[in-house]
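This is coords_5.cif. It holds mmCIF, C-alpha atoms, pLDDT in the B column; chains and numbers go by the auth columns.
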```
data_work
loop_
_atom_site.group_PDB
_atom_site.id
_atom_site.type_symbol
_atom_site.label_atom_id
_atom_site.label_comp_id
_atom_site.label_asym_id
_atom_site.label_seq_id
_atom_site.Cartn_x
_atom_site.Cartn_y
_atom_site.Cartn_z
_atom_site.B_iso_or_equiv
_atom_site.auth_seq_id
_atom_site.auth_asym_id
ATOM 1 C CA ASP A 1 17.872 105.560 16.038 85.00 1 A
ATOM 2 C CA GLY A 2 17.925 109.262 16.683 91.00 2 A
ATOM 3 C CA ALA A 3 16.691 112.109 18.823 92.00 3 A
ATOM 4 C CA THR A 4 15.131 115.430 17.865 96.00 4 A
ATOM 5 C CA GLY A 5 13.740 118.050 20.178 97.00 5 A
ATOM 6 C CA THR A 6 13.611 121.634 21.377 98.00 6 A
ATOM 7 C CA LEU A 7 13.657 123.303 24.773 98.00 7 A
ATOM 8 C CA GLN A 8 12.841 126.972 25.160 97.00 8 A
ATOM 9 C CA GLN A 9 12.579 129.323 28.123 98.00 9 A
ATOM 10 C CA GLY A 10 12.104 132.980 27.356 97.00 10 A
ATOM 11 C CA GLU A 11 14.739 133.968 24.810 96.00 11 A
ATOM 12 C CA GLN A 12 16.922 130.911 25.529 98.00 12 A
ATOM 13 C CA SER A 13 16.574 127.871 23.264 98.00 13 A
ATOM 14 C CA LEU A 14 18.220 124.525 22.607 98.00 14 A
ATOM 15 C CA THR A 15 17.385 122.323 19.612 98.00 15 A
ATOM 16 C CA TRP A 16 18.975 118.983 18.778 97.00 16 A
ATOM 17 C CA HIS A 17 18.930 116.737 15.718 97.00 17 A
ATOM 18 C CA LEU A 18 21.062 113.679 16.471 97.00 18 A
ATOM 19 C CA LEU A 19 21.566 110.260 14.925 97.00 19 A
ATOM 20 C CA LEU A 20 22.764 107.396 17.141 94.00 20 A
ATOM 21 C CA GLU A 21 24.885 104.536 15.865 95.00 21 A
ATOM 22 C CA GLY A 22 26.183 101.593 17.878 91.00 22 A
ATOM 23 C CA ASP A 23 25.431 97.952 18.505 86.00 23 A
ATOM 24 C CA SER A 24 26.888 97.059 21.909 88.00 24 A
ATOM 25 C CA ALA A 25 24.905 94.700 24.173 91.00 25 A
ATOM 26 C CA PRO A 26 22.484 96.287 26.706 89.00 26 A
ATOM 27 C CA ALA A 27 23.778 97.047 30.211 89.00 27 A
ATOM 28 C CA LEU A 28 21.297 96.027 32.929 87.00 28 A
ATOM 29 C CA LEU A 29 21.454 97.341 36.508 83.00 29 A
ATOM 30 C CA PHE A 30 19.481 94.364 37.890 84.00 30 A
ATOM 31 C CA PRO A 31 19.472 90.649 37.033 87.00 31 A
ATOM 32 C CA ARG A 32 17.460 90.085 33.821 85.00 32 A
ATOM 33 C CA ALA A 33 14.629 88.235 35.687 88.00 33 A
ATOM 34 C CA LEU A 34 13.777 91.341 37.773 86.00 34 A
ATOM 35 C CA TYR A 35 12.782 93.281 34.642 84.00 35 A
ATOM 36 C CA ASP A 36 9.664 91.072 34.325 87.00 36 A
ATOM 37 C CA THR A 37 8.506 91.496 37.962 89.00 37 A
ATOM 38 C CA LYS A 38 6.530 94.242 39.741 87.00 38 A
ATOM 39 C CA LEU A 39 9.424 94.985 42.087 82.00 39 A
ATOM 40 C CA PRO A 40 11.577 96.942 41.797 80.00 40 A
ATOM 41 C CA ARG A 41 9.106 99.438 40.375 81.00 41 A
ATOM 42 C CA ALA A 42 11.784 101.712 38.868 82.00 42 A
ATOM 43 C CA LYS A 43 13.853 99.871 36.303 82.00 43 A
ATOM 44 C CA VAL A 44 16.992 101.168 34.652 82.00 44 A
ATOM 45 C CA VAL A 45 18.501 99.810 31.472 85.00 45 A
ATOM 46 C CA THR A 46 21.089 101.145 29.082 89.00 46 A
ATOM 47 C CA PRO A 47 19.948 99.646 25.763 89.00 47 A
ATOM 48 C CA ARG A 48 23.028 100.893 23.950 91.00 48 A
ATOM 49 C CA PRO A 49 25.849 101.817 26.330 92.00 49 A
ATOM 50 C CA ASN A 50 28.315 102.694 23.572 94.00 50 A
ATOM 51 C CA VAL A 51 26.946 104.829 20.733 95.00 51 A
ATOM 52 C CA ARG A 52 28.229 107.542 18.434 96.00 52 A
ATOM 53 C CA PHE A 53 26.251 110.764 17.953 97.00 53 A
ATOM 54 C CA ASP A 54 26.187 112.680 14.681 98.00 54 A
ATOM 55 C CA GLY A 55 24.087 115.740 13.882 98.00 55 A
ATOM 56 C CA ALA A 56 23.754 119.210 15.340 98.00 56 A
ATOM 57 C CA LEU A 57 22.925 121.164 18.476 98.00 57 A
ATOM 58 C CA ILE A 58 21.512 124.654 18.028 98.00 58 A
ATOM 59 C CA VAL A 59 21.992 126.887 21.066 98.00 59 A
ATOM 60 C CA ASN A 60 20.240 130.246 20.855 98.00 60 A
ATOM 61 C CA GLY A 61 20.466 130.110 17.058 96.00 61 A
ATOM 62 C CA GLU A 62 24.140 129.085 16.928 98.00 62 A
ATOM 63 C CA SER A 63 24.727 125.639 15.372 98.00 63 A
ATOM 64 C CA ILE A 64 27.268 123.229 16.863 98.00 64 A
ATOM 65 C CA GLU A 65 28.235 120.314 14.633 98.00 65 A
ATOM 66 C CA VAL A 66 28.240 116.920 16.340 97.00 66 A
ATOM 67 C CA GLN A 67 30.389 114.331 14.569 98.00 67 A
ATOM 68 C CA GLY A 68 31.409 111.081 16.237 97.00 68 A
ATOM 69 C CA TRP A 69 30.677 112.197 19.794 97.00 69 A
ATOM 70 C CA PRO A 70 30.699 109.200 22.182 97.00 70 A
ATOM 71 C CA GLY A 71 27.720 108.594 24.456 93.00 71 A
ATOM 72 C CA SER A 72 25.005 106.155 25.492 92.00 72 A
ATOM 73 C CA GLN A 73 21.262 105.629 25.142 89.00 73 A
ATOM 74 C CA ASN A 74 19.596 105.134 28.546 85.00 74 A
ATOM 75 C CA HIS A 75 16.068 104.335 29.718 75.00 75 A
ATOM 76 C CA ASN A 76 14.322 104.452 33.105 70.00 76 A
ATOM 77 C CA TRP A 77 10.720 103.349 33.570 66.00 77 A
#
```
What does this structure look like when you write it as structure tokens?
Amino acid sequence: DGATGTLQQGEQSLTWHLLLEGDSAPALLFPRALYDTKLPRAKVVTPRPNVRFDGALIVNGESIEVQGWPGSQNHNW
């Protein structure tokens, strides 16, 4: 129920420590039955289309507080 990571290129960096909270129903792009078949090969689902983010972003050493930011959790496989 969260995301943590870091990206760095040269002297530029971005780090995130975020908690996700929300319990809305998943949003499916295709009919549910197609998620169990070989086609389409690429499948998109938004497991939690309405979440709230809390935590911090750190951009080049500067911290940005994240409190109650709206967003979504998405997945493509």
- Message: So that I can see what lies close to segment 68-77 of chain A, please list as JSON, numbers by chain the residues with an atom at most 6 Å from it, counting only C-alpha atoms and leaving out residues fewer than 5 positions away in the same chain.
- Response: {"A": [42, 43, 44, 45, 46, 48, 49, 50, 51, 52, 53, 54]}
Keeping C-alpha atoms for every residue in the selection just given, could you write it to a file as a compact mmCIF listing (two decimals), in the coordinates of the input?
```txt
# COMPACT_ATOMS: atom_id res chain seq x y z
CA ALA A 42 11.78 101.71 38.87
CA LYS A 43 13.85 99.87 36.30
CA VAL A 44 16.99 101.17 34.65
CA VAL A 45 18.50 99.81 31.47
CA THR A 46 21.09 101.14 29.08
CA ARG A 48 23.03 100.89 23.95
CA PRO A 49 25.85 101.82 26.33
CA ASN A 50 28.32 102.69 23.57
CA VAL A 51 26.95 104.83 20.73
CA ARG A 52 28.23 107.54 18.43
CA PHE A 53 26.25 110.76 17.95
CA ASP A 54 26.19 112.68 14.68
```
- Query: Counting all atoms listed in the file, what is within 8 Å of Val59 of chain A, bar same-chain residues fewer than 2 positions away, as a list in words?
  - Reply: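 Everything that qualifies: Gln12, Ser13, Leu14, Thr15, Leu57, Gly61, Glu62, Ser63 and Ile64 of chain A.
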- Task: Find, counting all atoms listed in the file, the residue in A:Gln67, A:Ala3, A:Glu11, A:Leu29 that gets nearest to Gly55 of chain A.
- Result: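 Smallest distance to Gly55 of chain A is found for A:Gln67.
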- Item | Closest of A:Gly10, A:Gly2, A:Arg41, A:His17 to Val66 of chain A - atom-to-atom distances counting all atoms listed in the file | A:His17
- Item | Proximity to Asp1 of chain A - best of A:Ala25, A:Ala56, A:Leu34, A:Leu18, only C-alpha atoms |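 Of all the options, A:Leu18 lies closest to Asp1 of chain A.
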- Go ahead and compute the interatomic distance for atom CA of Leu19 of chain A and atom CA of Thr4 of chain A, in Å to one decimal. 8.8 Å
- In Å, how far is it from atom CA of Gln8 of chain A to atom CA of Asn60 of chain A?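 These two atoms are separated by 9.2 Å.
For the pair atom CA of Pro47 of chain A and atom CA of Leu7 of chain A, the separation is 24.5 Å.
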